[in-house]
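Visitor: Okay, so here is protein13.txt, and as you'll see once you scroll down, it has compact mmCIF, C-alpha atoms and all ligand atoms.
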```
# COMPACT_ATOMS: atom_id res chain seq x y z
CA MET F 1231 98.18 126.94 94.19
CA VAL F 1232 96.91 124.53 96.79
CA ALA F 1233 94.77 126.34 99.37
CA PRO F 1234 95.36 125.34 102.99
CA VAL F 1235 92.85 122.85 104.32
CA SER F 1236 90.71 124.16 107.14
CA VAL F 1237 91.25 122.03 110.22
CA ALA F 1238 87.73 122.83 111.41
CA THR F 1239 86.03 121.06 108.49
CA LYS F 1240 85.42 117.38 109.04
CA PHE F 1241 83.80 114.85 106.74
CA ASN F 1242 81.88 111.76 107.79
CA VAL F 1243 83.37 108.83 105.87
CA GLY F 1244 81.55 105.68 106.92
CA GLY F 1245 81.01 107.03 110.42
CA ILE F 1246 84.60 108.20 110.85
CA LEU F 1247 85.37 111.91 110.87
CA LEU F 1248 88.14 112.72 108.43
CA ASP F 1249 89.72 115.89 107.03
CA ARG F 1250 88.50 114.98 103.55
CA PRO F 1251 85.44 113.14 102.21
CA PHE F 1252 87.42 110.08 101.09
CA LYS F 1253 90.18 107.74 102.24
CA ILE F 1254 92.57 106.28 99.69
CA ARG F 1255 93.09 102.56 100.35
CA ARG F 1256 95.62 101.59 97.70
CA LEU F 1257 97.06 102.36 94.29
CA GLY F 1258 94.38 101.12 91.89
CA HIS F 1259 95.87 101.40 88.44
CA PHE F 1260 98.47 103.23 86.43
CA GLY F 1261 99.13 103.82 82.76
CA PHE F 1262 101.57 105.13 80.20
CA ASN F 1263 101.03 106.96 76.92
CA MET F 1264 103.37 105.37 74.40
CA ALA F 1265 104.29 106.06 70.79
CA ASP F 1266 104.81 102.47 69.59
CA LEU F 1267 101.99 100.41 71.04
CA GLU F 1268 103.04 97.12 69.44
CA LYS F 1269 106.48 97.25 71.06
CA ALA F 1270 104.90 98.38 74.32
CA HIS F 1271 102.47 95.44 74.21
CA HIS F 1272 105.34 92.99 73.70
CA PHE F 1273 107.17 94.39 76.73
CA TYR F 1274 104.27 94.71 79.17
CA SER F 1275 102.20 91.72 78.08
CA ASP F 1276 104.49 89.07 76.55
CA LEU F 1277 107.49 89.76 78.78
CA LEU F 1278 106.06 91.13 82.07
CA GLY F 1279 102.79 89.20 81.96
CA PHE F 1280 100.06 91.84 82.10
CA ARG F 1281 97.05 90.32 80.36
CA VAL F 1282 94.75 92.39 78.15
CA SER F 1283 91.25 92.74 79.58
CA ASP F 1284 89.83 95.11 76.94
CA GLU F 1285 91.01 96.98 73.90
CA PHE F 1286 90.75 100.75 73.98
CA ALA F 1287 88.76 102.18 71.07
CA ARG F 1288 91.35 104.90 70.29
CA GLY F 1289 94.33 102.53 70.49
CA GLY F 1290 95.76 100.80 73.52
CA TRP F 1291 94.80 98.24 76.09
CA PHE F 1292 93.55 97.80 79.63
CA MET F 1293 95.63 95.15 81.37
CA ARG F 1294 95.52 93.13 84.57
CA PHE F 1295 97.54 90.66 86.62
CA GLY F 1296 94.84 89.78 89.17
CA THR F 1297 91.10 90.21 89.22
CA ASP F 1298 90.95 94.00 88.85
CA HIS F 1299 89.80 94.70 85.29
CA HIS F 1300 92.87 96.88 84.90
CA ALA F 1301 95.91 97.50 87.04
CA PHE F 1302 97.83 98.92 84.12
CA ALA F 1303 96.89 100.56 80.83
CA LEU F 1304 98.69 101.52 77.64
CA PHE F 1305 97.36 104.41 75.59
CA GLN F 1306 98.42 105.90 72.28
CA LYS F 1307 100.65 108.89 72.94
CA PRO F 1308 98.98 112.09 71.72
CA PRO F 1309 100.74 114.02 68.94
CA ALA F 1310 103.88 115.72 70.24
CA GLN F 1311 103.18 118.84 72.20
CA THR F 1312 105.14 121.81 70.99
CA GLY F 1313 105.69 123.51 74.32
CA THR F 1314 104.46 123.94 77.83
CA THR F 1315 101.82 126.52 76.93
CA PRO F 1316 98.52 124.68 76.64
CA ALA F 1317 96.07 125.46 73.86
CA ALA F 1318 92.50 126.50 74.69
CA GLY F 1319 90.62 123.59 76.22
CA GLU F 1320 93.79 121.74 77.16
CA ARG F 1321 94.78 121.20 80.73
CA ARG F 1322 96.41 124.00 82.64
CA TYR F 1323 99.73 122.24 83.02
CA ALA F 1324 100.69 120.40 79.88
CA ARG F 1325 104.29 119.34 80.27
CA PRO F 1326 105.45 117.54 77.15
CA ASP F 1327 107.29 115.00 79.30
CA ILE F 1328 104.18 113.76 81.10
CA THR F 1329 103.87 110.28 79.64
CA ILE F 1330 101.92 108.98 82.63
CA ASN F 1331 98.34 108.58 81.55
CA GLN F 1332 96.97 108.35 85.07
CA ILE F 1333 97.75 107.54 88.69
CA THR F 1334 94.65 106.01 90.19
CA TRP F 1335 93.66 105.56 93.80
CA GLN F 1336 91.00 103.24 95.15
CA THR F 1337 88.46 104.42 97.71
CA GLN F 1338 86.07 102.01 99.42
CA SER F 1339 82.65 103.53 98.72
CA LEU F 1340 80.96 105.32 95.83
CA SER F 1341 80.20 108.40 97.91
CA GLU F 1342 83.96 109.06 98.21
CA PRO F 1343 84.94 109.92 94.60
CA VAL F 1344 81.60 111.69 94.19
CA ASN F 1345 81.98 113.84 97.31
CA ALA F 1346 85.58 114.51 96.31
CA VAL F 1347 84.37 116.68 93.42
CA ASP F 1348 83.32 119.70 95.51
CA PHE F 1349 86.18 119.16 97.96
CA LEU F 1350 88.74 119.38 95.15
CA LEU F 1351 87.08 122.33 93.41
CA GLU F 1352 86.85 124.31 96.66
CA ARG F 1353 90.60 123.86 97.09
CA GLY F 1354 91.47 125.05 93.62
CA VAL F 1355 92.33 121.65 92.19
CA GLU F 1356 91.73 121.42 88.45
CA LEU F 1357 89.27 118.64 87.60
CA GLN F 1358 89.58 116.70 84.38
CA ARG F 1359 86.29 114.81 84.52
CA THR F 1360 83.95 112.94 86.83
CA GLY F 1361 81.39 110.22 86.28
CA ARG F 1362 81.81 106.58 85.39
CA ASP F 1363 84.21 104.95 82.96
CA GLY F 1364 83.12 102.48 80.31
CA ALA F 1365 85.68 99.67 80.36
CA GLY F 1366 86.21 98.62 83.97
CA SER F 1367 82.89 100.23 85.02
CA ASN F 1368 84.54 102.18 87.85
CA TRP F 1369 83.00 105.42 89.10
CA ALA F 1370 85.75 108.01 89.01
CA THR F 1371 86.84 111.58 89.53
CA TYR F 1372 89.93 112.68 87.60
CA PHE F 1373 92.04 115.74 88.42
CA TYR F 1374 95.58 117.11 88.10
CA ASP F 1375 98.40 117.31 90.61
CA PRO F 1376 100.47 120.54 90.70
CA ASP F 1377 102.82 119.23 87.98
CA GLY F 1378 99.93 118.17 85.74
CA HIS F 1379 99.89 114.41 86.40
CA THR F 1380 96.38 113.03 86.08
CA ASN F 1381 95.20 111.44 89.31
CA GLU F 1382 91.96 109.52 89.74
CA LEU F 1383 89.88 108.54 92.76
CA TYR F 1384 87.58 105.63 92.03
CA TYR F 1385 85.25 103.08 93.49
CA GLY F 1386 84.13 99.67 92.26
CA ILE F 1387 86.32 98.46 89.44
CA GLU F 1388 85.03 95.39 87.61
CA GLN F 1389 86.49 92.07 88.75
CA VAL F 1390 87.46 89.44 86.18
CA GLY F 1391 87.15 85.81 87.26
CA TRP F 1392 88.13 82.30 86.25
CA ASP F 1393 86.75 82.54 82.73
CA GLY F 1394 89.03 85.50 81.97
CA LYS F 1395 86.18 87.40 80.33
CA SER F 1396 85.48 91.06 80.81
CA LYS F 1397 81.98 92.47 81.06
CA PRO F 1398 80.39 92.78 77.61
CA ALA F 1399 80.66 96.34 76.26
CA GLU F 1400 76.88 96.49 75.88
CA TYR F 1401 76.49 96.08 79.66
CA ARG F 1402 78.60 99.13 80.47
CA ARG F 1403 76.93 102.31 81.68
CA PRO F 1404 79.30 105.23 81.33
CA VAL F 1405 78.33 108.49 83.03
CA ARG F 1406 79.72 111.86 81.90
CA GLU F 1407 78.62 114.01 84.83
CA LYS F 1408 78.75 114.06 88.61
CA VAL F 1409 77.03 110.85 89.67
CA HIS F 1410 73.65 111.20 91.39
CA LEU F 1411 73.51 108.97 94.46
CA PRO F 1412 72.34 106.35 95.16
CA VAL F 1413 72.83 104.09 92.15
CA LYS F 1414 71.86 100.47 91.46
CA SER F 1415 74.21 97.69 92.48
CA GLU F 1416 76.25 96.01 89.76
CA PHE F 1417 74.25 92.81 90.23
CA ASP F 1418 70.99 94.63 89.53
CA GLU F 1419 72.52 96.37 86.51
CA ILE F 1420 73.56 93.04 85.04
CA GLN F 1421 70.12 91.53 85.64
CA GLU F 1422 68.73 94.49 83.73
CA SER F 1423 71.23 94.11 80.87
CA LEU F 1424 70.40 90.41 80.59
CA ALA F 1425 66.72 91.28 80.30
CA THR F 1426 67.04 94.22 77.90
CA THR F 1427 69.92 93.30 75.55
CA ASN F 1428 70.37 90.22 73.40
CA VAL F 1429 73.99 90.02 74.50
CA PRO F 1430 74.94 86.87 76.43
CA ILE F 1431 76.73 87.21 79.76
CA ASP F 1432 79.89 85.62 78.33
CA ALA F 1433 80.22 87.88 75.25
CA GLY F 1434 83.09 89.92 76.71
CA TYR F 1435 86.74 90.06 75.66
CA ARG F 1436 89.04 87.15 76.51
CA PRO F 1437 92.74 87.38 75.66
CA MET F 1438 95.07 84.65 74.45
CA GLU F 1439 98.18 83.75 76.45
CA LEU F 1440 101.61 82.46 75.45
CA PRO F 1441 102.44 78.79 76.19
CA GLY F 1442 103.47 77.96 79.75
CA VAL F 1443 107.08 76.77 79.58
CA HIS F 1444 108.61 77.90 82.90
CA ASP F 1445 108.05 75.95 86.12
CA VAL F 1446 107.20 78.82 88.47
CA ASP F 1447 107.02 77.35 91.97
CA GLY F 1448 104.99 74.48 90.55
CA ILE F 1449 102.90 76.22 87.88
CA LEU F 1450 103.83 76.33 84.19
CA LEU F 1451 103.81 79.96 83.09
CA PRO F 1452 105.05 81.80 79.97
CA ARG F 1453 107.65 83.67 82.07
CA PRO F 1454 109.59 82.64 85.19
CA PHE F 1455 107.78 85.01 87.57
CA LYS F 1456 104.34 86.31 88.45
CA ILE F 1457 103.35 89.93 89.14
CA VAL F 1458 101.55 90.00 92.48
CA LYS F 1459 101.34 93.75 93.12
CA HIS F 1460 101.94 97.06 91.37
CA GLY F 1461 103.36 100.35 92.55
CA PRO F 1462 105.03 102.30 93.98
CA VAL F 1463 104.83 105.14 91.51
CA ASN F 1464 107.89 107.40 91.70
CA LEU F 1465 107.52 110.85 90.16
CA PHE F 1466 109.92 113.59 89.19
CA VAL F 1467 108.35 116.89 90.19
CA GLU F 1468 109.32 120.55 89.78
CA ASP F 1469 108.92 121.35 93.45
CA VAL F 1470 108.99 118.49 95.93
CA ALA F 1471 107.51 120.59 98.77
CA ARG F 1472 104.58 121.69 96.58
CA ALA F 1473 103.85 118.13 95.42
CA ARG F 1474 104.25 116.81 98.96
CA ASP F 1475 101.67 119.33 100.22
CA PHE F 1476 99.24 118.28 97.51
CA TYR F 1477 99.45 114.54 98.14
CA LEU F 1478 99.43 115.08 101.91
CA GLN F 1479 96.80 117.79 102.38
CA ILE F 1480 94.52 117.22 99.43
CA LEU F 1481 94.74 113.45 98.92
CA GLY F 1482 95.49 112.48 102.52
CA LEU F 1483 98.53 110.29 101.93
CA GLN F 1484 100.99 110.06 104.83
CA VAL F 1485 104.71 110.68 104.76
CA THR F 1486 106.59 107.51 105.68
CA GLU F 1487 110.13 108.62 105.07
CA GLU F 1488 112.09 111.57 103.75
CA VAL F 1489 115.63 111.15 102.50
CA THR F 1490 118.28 113.43 101.10
CA TYR F 1491 119.91 112.02 97.99
CA ARG F 1492 122.83 113.91 96.41
CA GLY F 1493 121.74 116.91 98.48
CA GLU F 1494 118.15 116.81 97.16
CA PRO F 1495 114.97 116.02 99.16
CA CYS F 1496 112.98 112.90 98.26
CA VAL F 1497 109.70 111.96 99.95
CA PHE F 1498 108.01 108.57 100.25
CA LEU F 1499 104.28 108.45 101.03
CA ARG F 1500 101.88 105.67 101.94
CA CYS F 1501 98.13 105.14 101.91
CA ASN F 1502 97.94 101.81 103.73
CA THR F 1503 100.46 99.49 105.37
CA GLU F 1504 102.97 99.44 102.52
CA HIS F 1505 106.03 101.56 103.27
CA HIS F 1506 105.25 103.71 100.24
CA SER F 1507 102.93 103.82 97.27
CA LEU F 1508 104.27 107.12 95.94
CA GLY F 1509 107.74 108.67 95.81
CA LEU F 1510 108.44 112.31 94.94
CA PHE F 1511 111.87 113.21 93.57
CA PRO F 1512 113.07 116.58 92.23
CA LEU F 1513 113.38 116.85 88.44
CA THR F 1514 116.99 117.94 88.91
CA LEU F 1515 117.85 114.32 89.82
CA ARG F 1516 116.53 112.88 86.55
CA GLU F 1517 119.65 113.30 84.45
CA PRO F 1518 122.18 112.49 87.19
CA LEU F 1519 120.32 109.21 87.77
CA GLY F 1520 120.62 108.36 84.09
CA LEU F 1521 116.85 108.14 83.70
CA SER F 1522 115.02 109.10 80.54
CA ILE F 1523 114.40 112.81 80.09
CA HIS F 1524 111.30 112.07 77.99
CA THR F 1525 109.21 111.29 81.07
CA THR F 1526 108.43 112.60 84.55
CA CYS F 1527 108.00 109.01 85.71
CA ALA F 1528 111.06 108.07 87.75
CA SER F 1529 109.82 104.48 88.01
CA PHE F 1530 106.75 102.30 88.17
CA GLY F 1531 107.02 99.41 90.61
CA ILE F 1532 106.14 95.81 89.89
CA GLN F 1533 106.30 93.31 92.74
CA VAL F 1534 106.91 89.66 91.88
CA ALA F 1535 105.94 86.78 94.15
CA ASN F 1536 109.31 86.06 95.77
CA TYR F 1537 113.05 86.67 95.73
CA ARG F 1538 113.84 83.71 93.47
CA GLN F 1539 111.38 85.06 90.91
CA LEU F 1540 113.01 88.49 91.11
CA ARG F 1541 116.38 86.96 90.25
CA GLU F 1542 114.85 84.94 87.46
CA ALA F 1543 112.97 87.97 86.11
CA VAL F 1544 116.27 89.86 85.79
CA ALA F 1545 117.89 86.98 83.88
CA PHE F 1546 114.81 86.36 81.71
CA LEU F 1547 114.39 90.00 80.70
CA ARG F 1548 118.10 90.39 79.92
CA ALA F 1549 117.97 87.26 77.74
CA GLU F 1550 115.02 88.86 75.92
CA GLY F 1551 117.14 91.91 75.14
CA VAL F 1552 115.73 94.22 77.81
CA ARG F 1553 118.12 96.64 79.55
CA VAL F 1554 118.03 95.70 83.24
CA GLU F 1555 120.16 97.45 85.87
CA THR F 1556 120.83 96.11 89.35
CA ASP F 1557 124.04 97.66 90.66
CA ARG F 1558 123.15 101.17 89.44
CA VAL F 1559 119.93 101.35 91.47
CA PRO F 1560 120.54 103.61 94.50
CA PRO F 1561 119.16 101.93 97.67
CA GLU F 1562 118.33 105.42 99.06
CA LEU F 1563 115.59 105.68 96.42
CA HIS F 1564 113.80 102.49 97.47
CA PRO F 1565 113.67 102.58 101.29
CA GLY F 1566 111.64 99.68 102.67
CA VAL F 1567 112.51 97.56 99.61
CA ASP F 1568 115.66 95.47 99.87
CA TYR F 1569 116.57 94.14 96.40
CA ALA F 1570 115.39 96.13 93.39
CA ALA F 1571 116.16 96.08 89.69
CA TRP F 1572 115.42 98.67 87.01
CA ALA F 1573 114.10 97.31 83.72
CA PHE F 1574 113.56 99.75 80.87
CA ASP F 1575 110.62 99.59 78.49
CA PRO F 1576 111.11 100.25 74.73
CA GLU F 1577 110.58 104.01 75.23
CA GLY F 1578 112.80 104.36 78.29
CA HIS F 1579 110.29 104.15 81.17
CA CYS F 1580 111.91 102.62 84.23
CA ILE F 1581 110.16 99.64 85.81
CA GLN F 1582 111.28 98.91 89.37
CA LEU F 1583 111.16 95.15 89.94
CA TYR F 1584 111.18 93.97 93.55
CA TYR F 1585 109.70 91.22 95.73
CA TYR F 1586 109.42 92.68 99.29
CA MET F 1587 108.18 95.87 100.87
CA GLU F 1588 108.34 96.83 104.52
CA GLN F 1589 104.91 97.11 106.19
CA VAL F 1590 104.05 100.02 108.46
CA GLY F 1591 101.62 99.49 111.34
CA TRP F 1592 99.39 101.53 113.62
CA ASP F 1593 102.17 103.64 115.11
CA GLY F 1594 103.52 104.72 111.73
CA ARG F 1595 107.07 103.79 112.63
CA THR F 1596 109.42 102.41 110.04
CA ARG F 1597 112.05 99.79 110.69
CA PRO F 1598 115.20 101.48 112.02
CA ALA F 1599 117.88 101.69 109.34
CA SER F 1600 120.18 99.56 111.52
CA GLN F 1601 117.63 96.71 111.39
CA ARG F 1602 117.08 96.78 107.65
CA ARG F 1603 118.70 94.18 105.46
CA LYS F 1604 122.19 95.12 104.36
CA VAL F 1605 122.11 95.09 100.59
CA ASN F 1606 125.02 95.20 98.22
CA PRO F 1607 123.36 96.07 94.88
CA SER F 1608 126.28 94.52 93.00
CA ARG F 1609 126.06 91.17 94.71
CA TRP F 1610 122.71 89.44 95.02
CA PRO F 1611 123.00 86.18 97.00
CA GLU F 1612 121.18 83.09 95.79
CA VAL F 1613 119.06 82.83 98.94
CA LEU F 1614 118.24 85.18 101.85
CA GLU F 1615 117.49 84.85 105.53
CA PRO F 1616 113.87 85.83 106.31
CA MET F 1617 113.00 89.07 108.05
CA ALA F 1618 110.05 89.52 110.41
CA ASP F 1619 107.86 90.86 107.60
CA THR F 1620 109.32 89.10 104.55
CA PHE F 1621 105.94 87.71 103.46
CA MET F 1622 103.69 90.33 105.06
CA GLY F 1623 101.24 92.53 103.23
CA GLU F 1624 98.22 91.49 101.21
CA PRO F 1625 98.77 88.29 99.18
CA LEU F 1626 97.56 87.82 95.61
CA LEU F 1627 94.08 86.31 95.51
CA GLY F 1628 93.59 83.44 93.09
CA PRO F 1629 95.88 81.37 90.88
CA TRP F 1630 98.99 82.72 89.17
CA GLY F 1631 98.12 81.83 85.63
FE FE O 1 91.31 105.05 85.47
```
Please express the file's structure as structure tokens.

Guide:
Amino acid sequence: MVAPVSVATKFNVGGILLDRPFKIRRLGHFGFNMADLEKAHHFYSDLLGFRVSDEFARGGWFMRFGTDHHAFALFQKPPAQTGTTPAAGERRYARPDITINQITWQTQSLSEPVNAVDFLLERGVELQRTGRDGAGSNWATYFYDPDGHTNELYYGIEQVGWDGKSKPAEYRRPVREKVHLPVKSEFDEIQESLATTNVPIDAGYRPMELPGVHDVDGILLPRPFKIVKHGPVNLFVEDVARARDFYLQILGLQVTEEVTYRGEPCVFLRCNTEHHSLGLFPLTLREPLGLSIHTTCASFGIQVANYRQLREAVAFLRAEGVRVETDRVPPELHPGVDYAAWAFDPEGHCIQLYYYMEQVGWDGRTRPASQRRKVNPSRWPEVLEPMADTFMGEPLLGPWG
């Protein structure tokens, strides 16, 4: 149960008084547990274009599309769970259909994930672990939502630059306990590692890439589109009101829009100016929507750079044998996004491809439905008229390939 948050308690976050000791700024990364990692790698890396930044010791990969060390991760699926009753030492809620490895939220200072520990415990939230990860070097606090999805609050993920190399493993400094503040800056840590290890600064992992054969708005890339953003994450949950309370009261997301679809409530929440970073749908909609019953993930969003690339992504993935739906995607389930396609990974996870998301400003108001683009999911025109916010939102930093 989620205890009600006392309105009297305020937390000083960078000189601003908030109801919780952190402020989520964006979706940081996301991951799936998958049974066949080779097939998963082909789909997410070769076809979608996530690039491996580090290999995971127990099987799997950290992957990126920009400078964040990982925006997406693939992990080996644990042996099949036999039921919903967890064994000793396992998490309290162990649904066998949770194939999401983690849903990760970025905060802007180290004190935030650290101070979140007591805040979450005092409110009865089950912690998984806190400290600092190895690969990616982010300081993090992991915990479960009411359905058992692992969420993470983090600060300071490693940035990968022009040389495409991750930080050498020997430079990492994992922490397995609540972090004692303050800590050294990353720059000072690296100076120390240079002085105390014999490992050169460029010893880290660097992936290979497929040949660039598609002219993508002037750059030759291995596929005719470029991922520029990830999310939203859409979840199937047992009780939408319970999950809504958790993400609202505990994590501080804001409700942007609530819709009723086939008589069921669906909620869309934001953490910044994007219309939504998280959607909550009732589990009862999973089968009627034709989505895979093996997962509680309704969809994971991938934004490509523009509308032309979205159209080309659909054609490219279909030619590669991927199941891609366009006219079966209900517009009610992607408010603030005009054109969206569903592409299915080898194990049935739904990837929502799109190119545009409505931006919400200081007054929290969404665009009136009458002023949204009229979309016929069965008929995608070749070109579109611009809207006021067609290219708004944070652009990708750096080159595409
Ligand atoms: Fe993480």

Visitor: Counting all atoms listed in the file, which residues in segment 1378-1473 of chain F sit no more than 9 Å from segment 1478-1500 of chain F? For each one, give the nearest pair of atoms and the distance in Å, sorted by chain then residue number, as JSON lines.

Guide:
```
{"residue": "F:Asn1464", "atom": "CA", "partner": "F:Phe1498", "partner_atom": "CA", "distance": 8.6}
{"residue": "F:Val1470", "atom": "CA", "partner": "F:Pro1495", "partner_atom": "CA", "distance": 7.2}
{"residue": "F:Ala1471", "atom": "CA", "partner": "F:Pro1495", "partner_atom": "CA", "distance": 8.8}
{"residue": "F:Ala1473", "atom": "CA", "partner": "F:Leu1478", "partner_atom": "CA", "distance": 8.4}
```

Visitor: For each of F:Asp1447, F:Glu1388, F:Glu1588, F:Asp1377, take the minimum atom-to-atom distance to ligand FE 1 (chain O), counting all atoms listed in the file, then give the residue where this is smallest.

Guide: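 Nearest candidate to ligand FE 1 (chain O) out of F:Asp1447, F:Glu1388, F:Glu1588, F:Asp1377: F:Glu1388.
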
Visitor: Mind giving me the straight-line distance from atom CA of Ala1570 of chain F to atom CA of Arg1553 of chain F in Å, one decimal?

Guide: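 Rounded to one decimal, the two atoms are 14.1 Å apart.
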
Visitor: Using all atoms listed in the file, which protein or nucleic acid residues come within 12 Å of Gln1358 of chain F? Drop anything in the same chain fewer than 3 positions from it, and give the result as a ChimeraX atom specification.

Guide: /F:1319-1323,1332,1347,1350-1351,1355,1361,1370-1375,1378-1383,1406-1408

Visitor: Given the choices F:Leu1304, F:Val1282, F:Ala1399, F:Val1243, which gets closest to ligand FE 1 (chain O) if the distance is worked out from only C-alpha atoms and all ligand atoms?

Guide: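 Smallest separation from ligand FE 1 (chain O) among the options: F:Leu1304.
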
Visitor: Name the residues, by chain letter and number, that sit within 12 Å of ligand FE 1 (chain O) using all atoms listed in the file, and give them as a PyMOL selection string.

Guide: chain F and resi 1257-1262+1292-1293+1298-1305+1330-1336+1358-1373+1380-1388

Visitor: What does the structure give for the distance between atom CA of Gly1279 of chain F and atom CA of Lys1456 of chain F, in Å to one decimal?

Guide: 7.3 Å

Visitor: Near segment 1525-1540 of chain F, within 8 Å and counting only C-alpha atoms, which residues show up once chain neighbours fewer than 6 positions away are dropped, as a VMD selection string?

Guide: chain F and resid 1327 to 1330 1446 1454 to 1467 1511 1513 1516 1579 to 1586 1612 to 1613

Visitor: Could you work out how far atom CA of Trp1630 of chain F lies from atom CA of Gly1394 of chain F, giving the answer in Å with one decimal?

Guide: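 Computing the Euclidean distance for atom CA of Gly1394 of chain F and atom CA of Trp1630 of chain F yields 12.6 Å.
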
Visitor: Between F:Tyr1274, F:Trp1392, F:Phe1349, F:Trp1291, single out the one closest to Gly1631 of chain F, counting all atoms listed in the file.

Guide: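 Looking only at the distances to Gly1631 of chain F, the closest residue turns out to be F:Trp1392.
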
Visitor: Kindly indicate which residue among F:Ser1423, F:Ser1341, F:Thr1239, F:Gln1601 lies nearest to Lys1397 of chain F, using all atoms listed in the file for the distances.

Guide: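 Among the listed residues, the smallest separation from Lys1397 of chain F belongs to F:Ser1423.
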
Visitor: Select, from F:Leu1508, F:Glu1550, F:Gly1594, F:His1410, the residue with the minimum atom-to-atom distance to Leu1563 of chain F, counting all atoms listed in the file.

Guide: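 Closest candidate: F:Leu1508.
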
Visitor: When you count all atoms listed in the file, which of these residues is closest to Thr1337 of chain F: F:Asn1502, F:Gln1421, F:Gln1389, F:Thr1514?

Guide: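 Closest to Thr1337 of chain F, using all atoms listed in the file: F:Asn1502.
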
Visitor: Within 7 Å of Val1552 of chain F, counting all atoms listed in the file, which residues show up once you throw out same-chain ones fewer than 4 positions away? Write them as a list in words, please.

Guide: Leu1547, Arg1548, Ala1573 and Phe1574 of chain F

Visitor: With a cut-off of 10 Å, could you pull out the residues of segment 1256-1361 of chain F touching segment 1427-1443 of chain F and give me the nearest pair of atoms for each, distance in Å to one decimal, using only C-alpha atoms, ordered by chain and ascending number, as a tab-separated table?

Guide:
```
residue	atom	partner	partner_atom	distance
F:Ser1275	CA	F:Glu1439	CA	9.1
F:Asp1276	CA	F:Leu1440	CA	7.3
F:Leu1277	CA	F:Leu1440	CA	9.9
F:Gly1279	CA	F:Glu1439	CA	9.0
F:Arg1281	CA	F:Pro1437	CA	7.0
F:Val1282	CA	F:Pro1437	CA	5.9
F:Ser1283	CA	F:Tyr1435	CA	6.5
F:Asp1284	CA	F:Tyr1435	CA	6.1
F:Glu1285	CA	F:Tyr1435	CA	8.3
```

Visitor: Find the residues near Lys1269 of chain F: any atom within 9 Å, counting all atoms listed in the file, skip ones fewer than 5 places away on the same chain, and give them as a count of residues only.

Guide: 4
